[in-house]
file my_file-v6.cif (mmCIF, C-alpha atoms)
data_data
loop_
_atom_site.group_PDB
_atom_site.id
_atom_site.type_symbol
_atom_site.label_atom_id
_atom_site.label_comp_id
_atom_site.auth_asym_id
_atom_site.auth_seq_id
_atom_site.Cartn_x
_atom_site.Cartn_y
_atom_site.Cartn_z
ATOM 1 C CA MET A 191 -93.712 112.805 89.614
ATOM 2 C CA ILE A 192 -95.414 115.929 90.904
ATOM 3 C CA GLU A 193 -96.272 116.164 94.619
ATOM 4 C CA GLY A 194 -99.825 114.999 95.327
ATOM 5 C CA VAL A 195 -100.460 113.452 91.907
ATOM 6 C CA GLY A 196 -101.683 109.840 91.894
ATOM 7 C CA LEU A 197 -101.455 107.142 89.247
ATOM 8 C CA THR A 198 -103.481 104.038 90.047
ATOM 9 C CA PRO A 199 -103.321 100.938 87.807
ATOM 10 C CA LEU A 200 -106.811 99.777 86.818
ATOM 11 C CA LYS A 201 -108.064 96.382 85.665
ATOM 12 C CA ILE A 202 -109.551 95.527 82.291
ATOM 13 C CA ILE A 203 -111.602 92.330 82.233
ATOM 14 C CA ASN A 204 -112.043 90.627 78.849
ATOM 15 C CA GLY A 205 -115.287 88.912 77.986
ATOM 16 C CA GLN A 206 -116.769 87.347 74.892
ATOM 17 C CA MET A 207 -119.279 90.158 74.470
ATOM 18 C CA GLY A 208 -116.942 93.035 75.356
ATOM 19 C CA LEU A 209 -114.776 94.439 78.124
ATOM 20 C CA VAL A 210 -115.325 95.691 81.642
ATOM 21 C CA LEU A 211 -112.929 98.524 82.539
ATOM 22 C CA HIS A 212 -112.567 99.565 86.153
ATOM 23 C CA GLY A 213 -112.854 103.276 87.012
ATOM 24 C CA ILE A 214 -113.088 104.354 90.639
ATOM 25 C CA LYS A 215 -114.565 103.092 93.898
ATOM 26 C CA SER A 216 -115.528 105.103 96.944
ATOM 27 C CA SER A 217 -112.932 103.128 98.935
ATOM 28 C CA ASP A 218 -110.072 103.871 96.498
ATOM 29 C CA THR A 219 -106.992 105.965 97.146
ATOM 30 C CA GLY A 220 -107.589 109.218 95.313
ATOM 31 C CA PHE A 221 -111.339 109.292 95.950
ATOM 32 C CA MET A 222 -111.900 112.784 97.376
ATOM 33 C CA GLY A 223 -115.689 112.911 97.325
ATOM 34 C CA PHE A 224 -118.035 113.218 94.394
ATOM 35 C CA GLY A 225 -119.452 116.321 92.765
ATOM 36 C CA GLU A 226 -119.792 115.552 89.066
ATOM 37 C CA ALA A 227 -118.720 113.042 86.431
ATOM 38 C CA TYR A 228 -118.451 114.170 82.817
ATOM 39 C CA PHE A 229 -116.759 113.101 79.603
ATOM 40 C CA SER A 230 -114.477 115.003 77.284
ATOM 41 C CA THR A 231 -113.395 114.001 73.803
ATOM 42 C CA VAL A 232 -110.295 115.430 72.215
ATOM 43 C CA ASN A 233 -109.633 115.212 68.503
ATOM 44 C CA LYS A 234 -106.426 113.692 67.172
ATOM 45 C CA GLU A 235 -103.497 116.079 67.802
ATOM 46 C CA ALA A 236 -105.839 118.763 69.238
ATOM 47 C CA VAL A 237 -104.909 120.154 72.667
ATOM 48 C CA LYS A 238 -107.314 121.295 75.409
ATOM 49 C CA GLY A 239 -105.784 123.580 78.032
ATOM 50 C CA TRP A 240 -104.329 125.141 80.023
ATOM 51 C CA LYS A 241 -106.644 124.964 82.981
ATOM 52 C CA CYS A 242 -106.004 125.099 86.736
ATOM 53 C CA HIS A 243 -108.719 124.070 89.183
ATOM 54 C CA THR A 244 -108.338 125.824 92.512
ATOM 55 C CA LYS A 245 -110.760 123.608 94.482
ATOM 56 C CA MET A 246 -111.558 120.526 92.400
ATOM 57 C CA TRP A 247 -109.749 117.210 92.704
ATOM 58 C CA LEU A 248 -109.755 115.441 89.340
ATOM 59 C CA ASN A 249 -109.781 111.705 88.810
ATOM 60 C CA ILE A 250 -109.202 111.084 85.134
ATOM 61 C CA ILE A 251 -109.707 107.820 83.287
ATOM 62 C CA VAL A 252 -109.249 107.233 79.551
ATOM 63 C CA PRO A 253 -111.406 104.254 78.507
ATOM 64 C CA VAL A 254 -111.163 104.945 74.743
ATOM 65 C CA GLY A 255 -108.203 105.983 72.616
ATOM 66 C CA SER A 256 -105.036 107.561 73.900
ATOM 67 C CA ILE A 257 -104.571 110.962 75.530
ATOM 68 C CA ARG A 258 -101.362 112.724 76.515
ATOM 69 C CA PHE A 259 -101.564 114.805 79.696
ATOM 70 C CA VAL A 260 -99.123 117.486 80.778
ATOM 71 C CA LEU A 261 -99.203 118.854 84.320
ATOM 72 C CA TYR A 262 -97.351 121.922 85.551
ATOM 73 C CA ASP A 263 -96.725 122.682 89.199
ATOM 74 C CA ASP A 264 -96.528 126.372 90.179
ATOM 75 C CA ARG A 265 -97.628 125.839 93.792
ATOM 76 C CA ILE A 266 -95.569 127.853 96.208
ATOM 77 C CA GLY A 267 -94.145 125.518 98.826
ATOM 78 C CA SER A 268 -94.524 122.388 96.708
ATOM 79 C CA SER A 269 -91.431 120.171 96.633
ATOM 80 C CA THR A 270 -91.896 119.888 92.865
ATOM 81 C CA MET A 271 -92.618 123.569 92.152
ATOM 82 C CA GLY A 272 -91.592 124.425 88.596
ATOM 83 C CA SER A 273 -91.847 120.805 87.389
ATOM 84 C CA LEU A 274 -93.670 119.477 84.355
ATOM 85 C CA PHE A 275 -95.094 115.955 84.258
ATOM 86 C CA ASN A 276 -96.013 114.082 81.069
ATOM 87 C CA ILE A 277 -98.056 110.918 80.754
ATOM 88 C CA THR A 278 -100.040 109.181 78.038
ATOM 89 C CA LEU A 279 -103.058 107.148 79.137
ATOM 90 C CA GLY A 280 -105.464 104.784 77.417
ATOM 91 C CA PRO A 281 -106.737 101.205 77.644
ATOM 92 C CA ALA A 282 -104.206 99.853 75.141
ATOM 93 C CA VAL A 283 -101.166 101.842 76.261
ATOM 94 C CA ASN A 284 -101.405 102.526 79.984
ATOM 95 C CA TYR A 285 -104.718 102.014 81.762
ATOM 96 C CA ARG A 286 -104.425 104.006 84.994
ATOM 97 C CA ARG A 287 -106.421 106.582 86.891
ATOM 98 C CA LEU A 288 -104.729 109.983 87.154
ATOM 99 C CA THR A 289 -105.530 111.841 90.378
ATOM 100 C CA VAL A 290 -104.829 115.571 90.172
ATOM 101 C CA PRO A 291 -105.009 117.751 93.296
ATOM 102 C CA PRO A 292 -106.263 121.333 93.081
ATOM 103 C CA GLY A 293 -103.692 123.952 92.137
ATOM 104 C CA LEU A 294 -101.964 122.212 89.220
ATOM 105 C CA TRP A 295 -102.118 123.352 85.594
ATOM 106 C CA MET A 296 -103.179 120.725 83.064
ATOM 107 C CA ALA A 297 -103.419 120.442 79.297
ATOM 108 C CA PHE A 298 -104.141 117.317 77.251
ATOM 109 C CA GLN A 299 -103.842 116.166 73.662
ATOM 110 C CA GLY A 300 -105.635 113.503 71.605
ATOM 111 C CA LYS A 301 -103.247 110.886 70.281
ATOM 112 C CA GLY A 302 -105.629 108.283 68.846
ATOM 113 C CA ASP A 303 -108.286 108.642 66.167
ATOM 114 C CA PHE A 304 -111.002 108.843 68.840
ATOM 115 C CA ASN A 305 -110.187 109.731 72.444
ATOM 116 C CA LEU A 306 -112.477 109.957 75.451
ATOM 117 C CA LEU A 307 -111.754 110.731 79.077
ATOM 118 C CA MET A 308 -113.985 110.738 82.106
ATOM 119 C CA ASN A 309 -113.302 113.255 84.822
ATOM 120 C CA PHE A 310 -114.696 112.077 88.145
ATOM 121 C CA ALA A 311 -114.608 115.442 89.922
ATOM 122 C CA SER A 312 -114.817 116.073 93.665
ATOM 123 C CA ILE A 313 -117.104 119.115 93.193
ATOM 124 C CA PRO A 314 -119.632 120.113 90.514
ATOM 125 C CA HIS A 315 -118.495 122.301 87.627
ATOM 126 C CA ASP A 316 -117.990 125.907 88.749
ATOM 127 C CA PRO A 317 -116.292 128.278 86.288
ATOM 128 C CA GLU A 318 -115.308 130.541 89.225
ATOM 129 C CA GLU A 319 -112.888 128.002 90.667
ATOM 130 C CA ALA A 320 -110.927 127.410 87.425
ATOM 131 C CA LYS A 321 -108.196 129.580 85.922
ATOM 132 C CA GLN A 322 -107.303 129.351 82.264
ATOM 133 C CA LEU A 323 -104.336 130.258 80.087
ATOM 134 C CA PRO A 324 -103.960 129.928 76.333
ATOM 135 C CA LEU A 325 -101.648 127.183 75.081
ATOM 136 C CA ASP A 326 -99.276 129.848 73.904
ATOM 137 C CA ASN A 327 -98.361 131.841 76.998
ATOM 138 C CA SER A 328 -95.225 133.105 78.679
ATOM 139 C CA TYR A 329 -95.989 131.712 82.150
ATOM 140 C CA ILE A 330 -95.822 127.929 81.691
ATOM 141 C CA PRO A 331 -92.584 126.485 80.241
ATOM 142 C CA ALA A 332 -92.943 125.791 76.500
ATOM 143 C CA ILE A 333 -94.191 122.302 75.597
ATOM 144 C CA SER A 334 -93.710 120.554 72.276
ATOM 145 C CA TRP A 335 -97.146 119.344 71.210
ATOM 146 C CA ILE A 336 -95.897 117.178 68.346
ATOM 147 C CA MET B 25 -142.174 103.294 81.312
ATOM 148 C CA ILE B 26 -141.374 101.032 84.243
ATOM 149 C CA GLU B 27 -142.037 102.299 87.774
ATOM 150 C CA GLY B 28 -138.962 103.925 89.318
ATOM 151 C CA VAL B 29 -136.924 104.123 86.099
ATOM 152 C CA GLY B 30 -135.509 107.544 85.202
ATOM 153 C CA LEU B 31 -134.468 109.012 81.870
ATOM 154 C CA THR B 32 -132.668 112.341 82.154
ATOM 155 C CA PRO B 33 -131.693 114.335 79.042
ATOM 156 C CA LEU B 34 -128.013 115.305 79.131
ATOM 157 C CA LYS B 35 -126.147 118.101 77.376
ATOM 158 C CA ILE B 36 -123.408 117.746 74.805
ATOM 159 C CA ILE B 37 -121.240 120.841 74.342
ATOM 160 C CA ASN B 38 -119.390 121.164 71.033
ATOM 161 C CA GLY B 39 -115.942 122.682 70.913
ATOM 162 C CA GLN B 40 -113.250 123.066 68.291
ATOM 163 C CA MET B 41 -111.009 120.521 69.995
ATOM 164 C CA GLY B 42 -113.722 118.035 70.912
ATOM 165 C CA LEU B 43 -116.911 117.592 72.927
ATOM 166 C CA VAL B 44 -117.857 117.809 76.569
ATOM 167 C CA LEU B 45 -120.624 115.355 77.466
ATOM 168 C CA HIS B 46 -122.453 115.716 80.737
ATOM 169 C CA GLY B 47 -122.838 112.654 82.975
ATOM 170 C CA ILE B 48 -124.115 113.018 86.524
ATOM 171 C CA LYS B 49 -123.929 115.538 89.361
ATOM 172 C CA SER B 50 -124.404 114.905 93.066
ATOM 173 C CA SER B 51 -127.410 117.275 92.965
ATOM 174 C CA ASP B 52 -129.141 115.435 90.077
ATOM 175 C CA THR B 53 -132.377 113.500 90.217
ATOM 176 C CA GLY B 54 -131.379 109.858 90.130
ATOM 177 C CA PHE B 55 -128.201 110.335 92.160
ATOM 178 C CA MET B 56 -128.530 107.703 94.903
ATOM 179 C CA GLY B 57 -125.038 107.874 96.370
ATOM 180 C CA PHE B 58 -121.757 106.659 94.957
ATOM 181 C CA GLY B 59 -120.071 103.288 95.306
ATOM 182 C CA GLU B 60 -118.262 102.658 92.023
ATOM 183 C CA ALA B 61 -118.004 103.877 88.454
ATOM 184 C CA TYR B 62 -116.924 101.459 85.749
ATOM 185 C CA PHE B 63 -117.133 101.089 81.984
ATOM 186 C CA SER B 64 -118.489 98.278 79.867
ATOM 187 C CA THR B 65 -118.031 97.813 76.144
ATOM 188 C CA VAL B 66 -120.383 95.645 74.143
ATOM 189 C CA ASN B 67 -119.528 94.386 70.682
ATOM 190 C CA LYS B 68 -121.836 95.035 67.734
ATOM 191 C CA GLU B 69 -124.943 92.836 68.028
ATOM 192 C CA ALA B 70 -123.576 91.102 71.158
ATOM 193 C CA VAL B 71 -125.882 91.018 74.204
ATOM 194 C CA LYS B 72 -124.835 91.192 77.873
ATOM 195 C CA GLY B 73 -127.457 89.969 80.356
ATOM 196 C CA TRP B 74 -129.672 89.156 82.024
ATOM 197 C CA LYS B 75 -128.704 90.605 85.367
ATOM 198 C CA CYS B 76 -130.765 91.862 88.306
ATOM 199 C CA HIS B 77 -129.141 93.954 91.046
ATOM 200 C CA THR B 78 -130.938 93.556 94.348
ATOM 201 C CA LYS B 79 -129.291 96.534 96.114
ATOM 202 C CA MET B 80 -127.510 98.669 93.507
ATOM 203 C CA TRP B 81 -129.009 101.698 91.810
ATOM 204 C CA LEU B 82 -127.549 102.041 88.319
ATOM 205 C CA ASN B 83 -127.024 105.299 86.467
ATOM 206 C CA ILE B 84 -126.082 104.431 82.930
ATOM 207 C CA ILE B 85 -124.634 106.791 80.337
ATOM 208 C CA VAL B 86 -123.549 105.882 76.799
ATOM 209 C CA PRO B 87 -120.923 108.421 75.639
ATOM 210 C CA VAL B 88 -119.741 106.343 72.640
ATOM 211 C CA GLY B 89 -121.710 104.337 70.097
ATOM 212 C CA SER B 90 -125.239 103.121 70.532
ATOM 213 C CA ILE B 91 -126.572 100.554 73.016
ATOM 214 C CA ARG B 92 -130.039 99.045 73.250
ATOM 215 C CA PHE B 93 -131.267 98.347 76.790
ATOM 216 C CA VAL B 94 -134.140 96.085 77.749
ATOM 217 C CA LEU B 95 -135.554 96.156 81.276
ATOM 218 C CA TYR B 96 -137.968 93.643 82.750
ATOM 219 C CA ASP B 97 -140.031 94.269 85.869
ATOM 220 C CA ASP B 98 -140.902 91.219 87.985
ATOM 221 C CA ARG B 99 -141.259 93.152 91.248
ATOM 222 C CA ILE B 100 -144.261 92.034 93.244
ATOM 223 C CA GLY B 101 -146.408 95.062 94.013
ATOM 224 C CA SER B 102 -144.967 97.198 91.193
ATOM 225 C CA SER B 103 -147.598 98.964 89.089
ATOM 226 C CA THR B 104 -145.663 97.854 85.995
ATOM 227 C CA MET B 105 -145.024 94.227 87.077
ATOM 228 C CA GLY B 106 -144.661 92.019 84.010
ATOM 229 C CA SER B 107 -143.658 94.927 81.731
ATOM 230 C CA LEU B 108 -140.703 95.156 79.398
ATOM 231 C CA PHE B 109 -139.056 98.485 78.528
ATOM 232 C CA ASN B 110 -136.843 99.067 75.510
ATOM 233 C CA ILE B 111 -134.583 102.046 74.849
ATOM 234 C CA THR B 112 -131.559 102.785 72.684
ATOM 235 C CA LEU B 113 -129.056 105.321 74.015
ATOM 236 C CA GLY B 114 -125.998 107.048 72.610
ATOM 237 C CA PRO B 115 -124.638 110.533 71.925
ATOM 238 C CA ALA B 116 -125.882 110.626 68.331
ATOM 239 C CA VAL B 117 -129.260 108.974 68.841
ATOM 240 C CA ASN B 118 -130.534 109.765 72.318
ATOM 241 C CA TYR B 119 -128.152 111.191 74.914
ATOM 242 C CA ARG B 120 -129.814 110.538 78.276
ATOM 243 C CA ARG B 121 -128.947 109.020 81.613
ATOM 244 C CA LEU B 122 -130.868 105.856 82.458
ATOM 245 C CA THR B 123 -131.547 105.421 86.181
ATOM 246 C CA VAL B 124 -132.408 101.854 87.147
ATOM 247 C CA PRO B 125 -133.639 101.039 90.667
ATOM 248 C CA PRO B 126 -132.695 97.742 92.332
ATOM 249 C CA GLY B 127 -134.912 94.779 91.520
ATOM 250 C CA LEU B 128 -135.203 95.139 87.738
ATOM 251 C CA TRP B 129 -133.741 92.733 85.185
ATOM 252 C CA MET B 130 -131.572 94.282 82.484
ATOM 253 C CA ALA B 131 -129.865 93.142 79.297
ATOM 254 C CA PHE B 132 -128.139 95.308 76.681
ATOM 255 C CA GLN B 133 -126.940 94.998 73.124
ATOM 256 C CA GLY B 134 -124.280 96.803 71.091
ATOM 257 C CA LYS B 135 -125.735 98.532 68.052
ATOM 258 C CA GLY B 136 -122.787 100.581 66.777
ATOM 259 C CA ASP B 137 -119.330 99.473 65.711
ATOM 260 C CA PHE B 138 -117.905 100.508 69.084
ATOM 261 C CA ASN B 139 -120.110 100.972 72.135
ATOM 262 C CA LEU B 140 -119.200 102.083 75.647
ATOM 263 C CA LEU B 141 -121.338 102.681 78.709
ATOM 264 C CA MET B 142 -120.471 103.995 82.117
ATOM 265 C CA ASN B 143 -122.357 102.643 85.087
ATOM 266 C CA PHE B 144 -122.286 105.090 87.974
ATOM 267 C CA ALA B 145 -123.336 102.654 90.698
ATOM 268 C CA SER B 146 -124.644 103.499 94.154
ATOM 269 C CA ILE B 147 -122.619 100.710 95.809
ATOM 270 C CA PRO B 148 -119.338 98.969 94.911
ATOM 271 C CA HIS B 149 -119.447 95.764 92.863
ATOM 272 C CA ASP B 150 -120.619 92.826 94.978
ATOM 273 C CA PRO B 151 -121.425 89.585 93.148
ATOM 274 C CA GLU B 152 -123.622 88.517 96.087
ATOM 275 C CA GLU B 153 -126.224 91.206 95.393
ATOM 276 C CA ALA B 154 -126.709 90.383 91.679
ATOM 277 C CA LYS B 155 -128.806 87.596 90.175
ATOM 278 C CA GLN B 156 -128.161 86.342 86.664
ATOM 279 C CA LEU B 157 -130.130 84.446 84.032
ATOM 280 C CA PRO B 158 -128.965 83.298 80.603
ATOM 281 C CA LEU B 159 -130.390 85.184 77.630
ATOM 282 C CA ASP B 160 -132.321 82.090 76.702
ATOM 283 C CA ASN B 161 -134.517 81.348 79.704
ATOM 284 C CA SER B 162 -138.161 80.547 80.368
ATOM 285 C CA TYR B 163 -138.694 83.215 83.060
ATOM 286 C CA ILE B 164 -138.359 86.522 81.172
ATOM 287 C CA PRO B 165 -140.642 87.055 78.158
ATOM 288 C CA ALA B 166 -138.812 86.303 74.900
ATOM 289 C CA ILE B 167 -137.020 89.273 73.295
ATOM 290 C CA SER B 168 -136.049 89.599 69.668
ATOM 291 C CA TRP B 169 -132.371 90.610 69.659
ATOM 292 C CA ILE B 170 -132.246 91.351 65.947
#
call {"tool": "encode", "arguments": {"input": "my_file-v6.cif", "output": "C-alpha cells"}}
result
Amino acid sequence: MIEGVGLTPLKIINGQMGLVLHGIKSSDTGFMGFGEAYFSTVNKEAVKGWKCHTKMWLNIIVPVGSIRFVLYDDRIGSSTMGSLFNITLGPAVNYRRLTVPPGLWMAFQGKGDFNLLMNFASIPHDPEEAKQLPLDNSYIPAISWI
Amino acid sequence: MIEGVGLTPLKIINGQMGLVLHGIKSSDTGFMGFGEAYFSTVNKEAVKGWKCHTKMWLNIIVPVGSIRFVLYDDRIGSSTMGSLFNITLGPAVNYRRLTVPPGLWMAFQGKGDFNLLMNFASIPHDPEEAKQLPLDNSYIPAISWI
C-alpha cells in the first residue's frame, strides 16, 4: 500500500425495491473537507489518466460496474516513493472507498460494461492544481492495461 | 413548483473514454452543508417512499437511469401547502440536481432498467429525524404509480 492512501470498506444494504450503498460521512476517516462531488464514467477497457492533483484529496467510490485504479508514488520523502498500487473496485467485487492524498499519480480503467465512479473532492475543480501525463510516457513505470 | 425546492441544471462533459457528470460544489445554490453522501438504486417500476426528513436537506442527483420523484408539501404556512410536485430526472432525460428542504414528503420510482441516485445530505443519516408512511395511506393525496 502507498503511504497516505486509504481503503475503507463500505456497506451495501439490500432492500426489496433496490439497494442503499454507503458513500462518505463527515465523521469518516478520509473526510478532508468538501469542495465538489462529481461523477465519471469510463468505457469498458478505456483508460483515463494519468493525472496528479497537487492540492485535492480524492475520495473515490464505485457504485456501478468495476473500475481498476493504478496509483504511482513519486513523492520525494515518501516511504513508498517509486511504488505502484493496483486495485479494482465496484459493488460486486470490492465495495470500498479509496482515499487518495494530493501528490499521487492516478489512472483508471473500465472493467465492466458500464462503470461509474464518484469523486468526493476536498476542493472544487481547478485545472491549475492538476498535472497530466499521457498514458504512454517515459516517467511512470510501464503498466499493462490488459 | 413547491416552495423551497430547487432544480439546478448540471453539465455533462463528453469524452472519448467516458463522461464527466457534474454533481455539487460547496459554492452552489442548494449546498446546505455536508453530513453524508450515499447512493440508492431503485428497480424498474418499484417505488421507495414515503419519507419526510425533518432536519435533513437533500440534494439529489441521478447519474444513471431515470427516476421519477414525487414531493408532497404538508407544511403549515407554506405557500404551496397541499401541493404535489412531479419530476423525472436522469442523464438522458433531464440532468438536474433536486434540492429538497426539510419537511417535505418524498417518494421515487425507477423508470429505467437500472437507476441510481446520489443523495448529498446536509446531515448524517439519523432514523430519528425521518418520518415514514406506506405508499398506500390516507394522508397523502393518491398518486398513480403507472
call {"tool": "calpha_fit_and_write", "arguments": {"input": "my_file-v6.cif", "fixed": "chain A", "moving": "chain B", "output": "compact mmCIF listing (two decimals) with C-alpha atoms, in the frame of the given file"}}
result
# COMPACT_ATOMS: atom_id res chain seq x y z
CA MET B 25 -93.72 112.82 89.62
CA ILE B 26 -95.41 115.95 90.92
CA GLU B 27 -96.28 116.16 94.62
CA GLY B 28 -99.83 115.00 95.33
CA VAL B 29 -100.46 113.44 91.91
CA GLY B 30 -101.69 109.83 91.90
CA LEU B 31 -101.46 107.14 89.25
CA THR B 32 -103.49 104.03 90.04
CA PRO B 33 -103.33 100.93 87.80
CA LEU B 34 -106.82 99.78 86.80
CA LYS B 35 -108.07 96.39 85.66
CA ILE B 36 -109.55 95.53 82.30
CA ILE B 37 -111.61 92.32 82.23
CA ASN B 38 -112.04 90.63 78.85
CA GLY B 39 -115.28 88.91 77.98
CA GLN B 40 -116.76 87.35 74.87
CA MET B 41 -119.27 90.16 74.47
CA GLY B 42 -116.94 93.01 75.36
CA LEU B 43 -114.77 94.44 78.13
CA VAL B 44 -115.34 95.69 81.64
CA LEU B 45 -112.95 98.51 82.54
CA HIS B 46 -112.58 99.56 86.14
CA GLY B 47 -112.85 103.26 87.02
CA ILE B 48 -113.09 104.37 90.63
CA LYS B 49 -114.57 103.10 93.89
CA SER B 50 -115.53 105.12 96.95
CA SER B 51 -112.92 103.14 98.93
CA ASP B 52 -110.06 103.88 96.49
CA THR B 53 -106.99 105.98 97.14
CA GLY B 54 -107.58 109.23 95.30
CA PHE B 55 -111.33 109.30 95.95
CA MET B 56 -111.88 112.79 97.38
CA GLY B 57 -115.67 112.90 97.32
CA PHE B 58 -118.04 113.23 94.40
CA GLY B 59 -119.45 116.34 92.76
CA GLU B 60 -119.78 115.53 89.06
CA ALA B 61 -118.72 113.04 86.42
CA TYR B 62 -118.46 114.16 82.81
CA PHE B 63 -116.78 113.10 79.59
CA SER B 64 -114.48 115.00 77.28
CA THR B 65 -113.41 113.99 73.80
CA VAL B 66 -110.30 115.42 72.22
CA ASN B 67 -109.64 115.21 68.50
CA LYS B 68 -106.42 113.68 67.17
CA GLU B 69 -103.51 116.07 67.80
CA ALA B 70 -105.85 118.74 69.24
CA VAL B 71 -104.91 120.15 72.67
CA LYS B 72 -107.32 121.30 75.41
CA GLY B 73 -105.78 123.57 78.05
CA TRP B 74 -104.33 125.13 80.01
CA LYS B 75 -106.64 124.98 82.99
CA CYS B 76 -106.00 125.09 86.73
CA HIS B 77 -108.72 124.06 89.19
CA THR B 78 -108.33 125.82 92.52
CA LYS B 79 -110.76 123.61 94.48
CA MET B 80 -111.55 120.51 92.40
CA TRP B 81 -109.76 117.20 92.71
CA LEU B 82 -109.76 115.45 89.33
CA ASN B 83 -109.78 111.70 88.80
CA ILE B 84 -109.20 111.09 85.14
CA ILE B 85 -109.71 107.82 83.29
CA VAL B 86 -109.25 107.23 79.55
CA PRO B 87 -111.41 104.24 78.51
CA VAL B 88 -111.16 104.93 74.74
CA GLY B 89 -108.20 105.98 72.62
CA SER B 90 -105.04 107.55 73.90
CA ILE B 91 -104.58 110.96 75.54
CA ARG B 92 -101.37 112.72 76.52
CA PHE B 93 -101.56 114.80 79.70
CA VAL B 94 -99.12 117.48 80.78
CA LEU B 95 -99.21 118.86 84.32
CA TYR B 96 -97.36 121.93 85.55
CA ASP B 97 -96.74 122.69 89.21
CA ASP B 98 -96.52 126.37 90.17
CA ARG B 99 -97.62 125.85 93.78
CA ILE B 100 -95.55 127.88 96.21
CA GLY B 101 -94.12 125.54 98.83
CA SER B 102 -94.52 122.39 96.71
CA SER B 103 -91.43 120.18 96.63
CA THR B 104 -91.91 119.88 92.86
CA MET B 105 -92.62 123.59 92.15
CA GLY B 106 -91.58 124.44 88.60
CA SER B 107 -91.85 120.81 87.39
CA LEU B 108 -93.67 119.48 84.37
CA PHE B 109 -95.11 115.95 84.25
CA ASN B 110 -96.01 114.10 81.07
CA ILE B 111 -98.06 110.92 80.76
CA THR B 112 -100.05 109.18 78.04
CA LEU B 113 -103.07 107.14 79.14
CA GLY B 114 -105.46 104.77 77.42
CA PRO B 115 -106.72 101.19 77.63
CA ALA B 116 -104.19 99.85 75.14
CA VAL B 117 -101.16 101.83 76.26
CA ASN B 118 -101.41 102.52 79.97
CA TYR B 119 -104.72 101.99 81.76
CA ARG B 120 -104.45 104.00 84.99
CA ARG B 121 -106.43 106.59 86.88
CA LEU B 122 -104.74 109.98 87.14
CA THR B 123 -105.53 111.84 90.37
CA VAL B 124 -104.84 115.57 90.17
CA PRO B 125 -105.01 117.75 93.30
CA PRO B 126 -106.26 121.34 93.09
CA GLY B 127 -103.68 123.94 92.15
CA LEU B 128 -101.96 122.21 89.22
CA TRP B 129 -102.12 123.35 85.60
CA MET B 130 -103.18 120.72 83.07
CA ALA B 131 -103.41 120.44 79.30
CA PHE B 132 -104.15 117.31 77.25
CA GLN B 133 -103.84 116.16 73.67
CA GLY B 134 -105.63 113.51 71.61
CA LYS B 135 -103.25 110.89 70.28
CA GLY B 136 -105.62 108.28 68.83
CA ASP B 137 -108.29 108.62 66.17
CA PHE B 138 -110.99 108.83 68.84
CA ASN B 139 -110.20 109.73 72.44
CA LEU B 140 -112.49 109.96 75.45
CA LEU B 141 -111.77 110.73 79.08
CA MET B 142 -114.00 110.74 82.10
CA ASN B 143 -113.32 113.26 84.82
CA PHE B 144 -114.70 112.08 88.14
CA ALA B 145 -114.61 115.44 89.92
CA SER B 146 -114.82 116.07 93.65
CA ILE B 147 -117.10 119.11 93.20
CA PRO B 148 -119.62 120.11 90.51
CA HIS B 149 -118.47 122.31 87.62
CA ASP B 150 -117.98 125.91 88.75
CA PRO B 151 -116.27 128.27 86.30
CA GLU B 152 -115.31 130.54 89.22
CA GLU B 153 -112.87 128.01 90.67
CA ALA B 154 -110.91 127.40 87.43
CA LYS B 155 -108.18 129.57 85.93
CA GLN B 156 -107.30 129.35 82.26
CA LEU B 157 -104.32 130.27 80.10
CA PRO B 158 -103.96 129.94 76.33
CA LEU B 159 -101.64 127.19 75.10
CA ASP B 160 -99.26 129.85 73.90
CA ASN B 161 -98.36 131.84 77.00
CA SER B 162 -95.21 133.12 78.68
CA TYR B 163 -95.99 131.72 82.15
CA ILE B 164 -95.82 127.93 81.69
CA PRO B 165 -92.59 126.48 80.24
CA ALA B 166 -92.94 125.80 76.51
CA ILE B 167 -94.20 122.31 75.59
CA SER B 168 -93.70 120.56 72.28
CA TRP B 169 -97.15 119.33 71.22
CA ILE B 170 -95.88 117.24 68.34
call {"tool": "resolve_selection", "arguments": {"input": "my_file-v6.cif", "expression": "the PyMOL selection byres ((chain A and resi 331) around 9)", "output": "list in words"}}
result
Tyr262, Gly272, Leu274, Asn327, Ser328, Tyr329, Ile330, Ala332 and Ile333 of chain A
call {"tool": "write_last_selection", "arguments": {"input": "my_file-v6.cif", "atoms": "C-alpha atoms", "output": "compact mmCIF listing (two decimals), keeping the file's coordinate frame"}}
result
# COMPACT_ATOMS: atom_id res chain seq x y z
CA TYR A 262 -97.35 121.92 85.55
CA GLY A 272 -91.59 124.42 88.60
CA LEU A 274 -93.67 119.48 84.36
CA ASN A 327 -98.36 131.84 77.00
CA SER A 328 -95.22 133.10 78.68
CA TYR A 329 -95.99 131.71 82.15
CA ILE A 330 -95.82 127.93 81.69
CA ALA A 332 -92.94 125.79 76.50
CA ILE A 333 -94.19 122.30 75.60
call {"tool": "residues_around", "arguments": {"input": "my_file-v6.cif", "residues": "A:Gly280", "least_positions_apart": "6", "cutoff": "8 Å", "atoms": "all atoms listed in the file", "output": "number ranges by chain"}}
result
A: 251-257, 286
call {"tool": "atom_distance", "arguments": {"input": "my_file-v6.cif", "atom1": "atom CA of A:Phe259", "atom2": "atom CA of B:Ser64"}}
result
23.7 Å
call {"tool": "resolve_selection", "arguments": {"input": "my_file-v6.cif", "expression": "the PyMOL selection byres ((chain A and resi 316) around 12)", "output": "ChimeraX atom specification"}}
result
/A:225-226,243-246,311-315,317-321 /B:49
call {"tool": "write_last_selection", "arguments": {"input": "my_file-v6.cif", "atoms": "C-alpha atoms", "output": "short mmCIF file (atom, residue, chain, number, x, y, z; two decimals), keeping the file's coordinate frame"}}
result
data_model
loop_
_atom_site.label_atom_id
_atom_site.label_comp_id
_atom_site.auth_asym_id
_atom_site.auth_seq_id
_atom_site.Cartn_x
_atom_site.Cartn_y
_atom_site.Cartn_z
CA GLY A 225 -119.45 116.32 92.76
CA GLU A 226 -119.79 115.55 89.07
CA HIS A 243 -108.72 124.07 89.18
CA THR A 244 -108.34 125.82 92.51
CA LYS A 245 -110.76 123.61 94.48
CA MET A 246 -111.56 120.53 92.40
CA ALA A 311 -114.61 115.44 89.92
CA SER A 312 -114.82 116.07 93.66
CA ILE A 313 -117.10 119.12 93.19
CA PRO A 314 -119.63 120.11 90.51
CA HIS A 315 -118.50 122.30 87.63
CA PRO A 317 -116.29 128.28 86.29
CA GLU A 318 -115.31 130.54 89.22
CA GLU A 319 -112.89 128.00 90.67
CA ALA A 320 -110.93 127.41 87.42
CA LYS A 321 -108.20 129.58 85.92
CA LYS B 49 -123.93 115.54 89.36
#
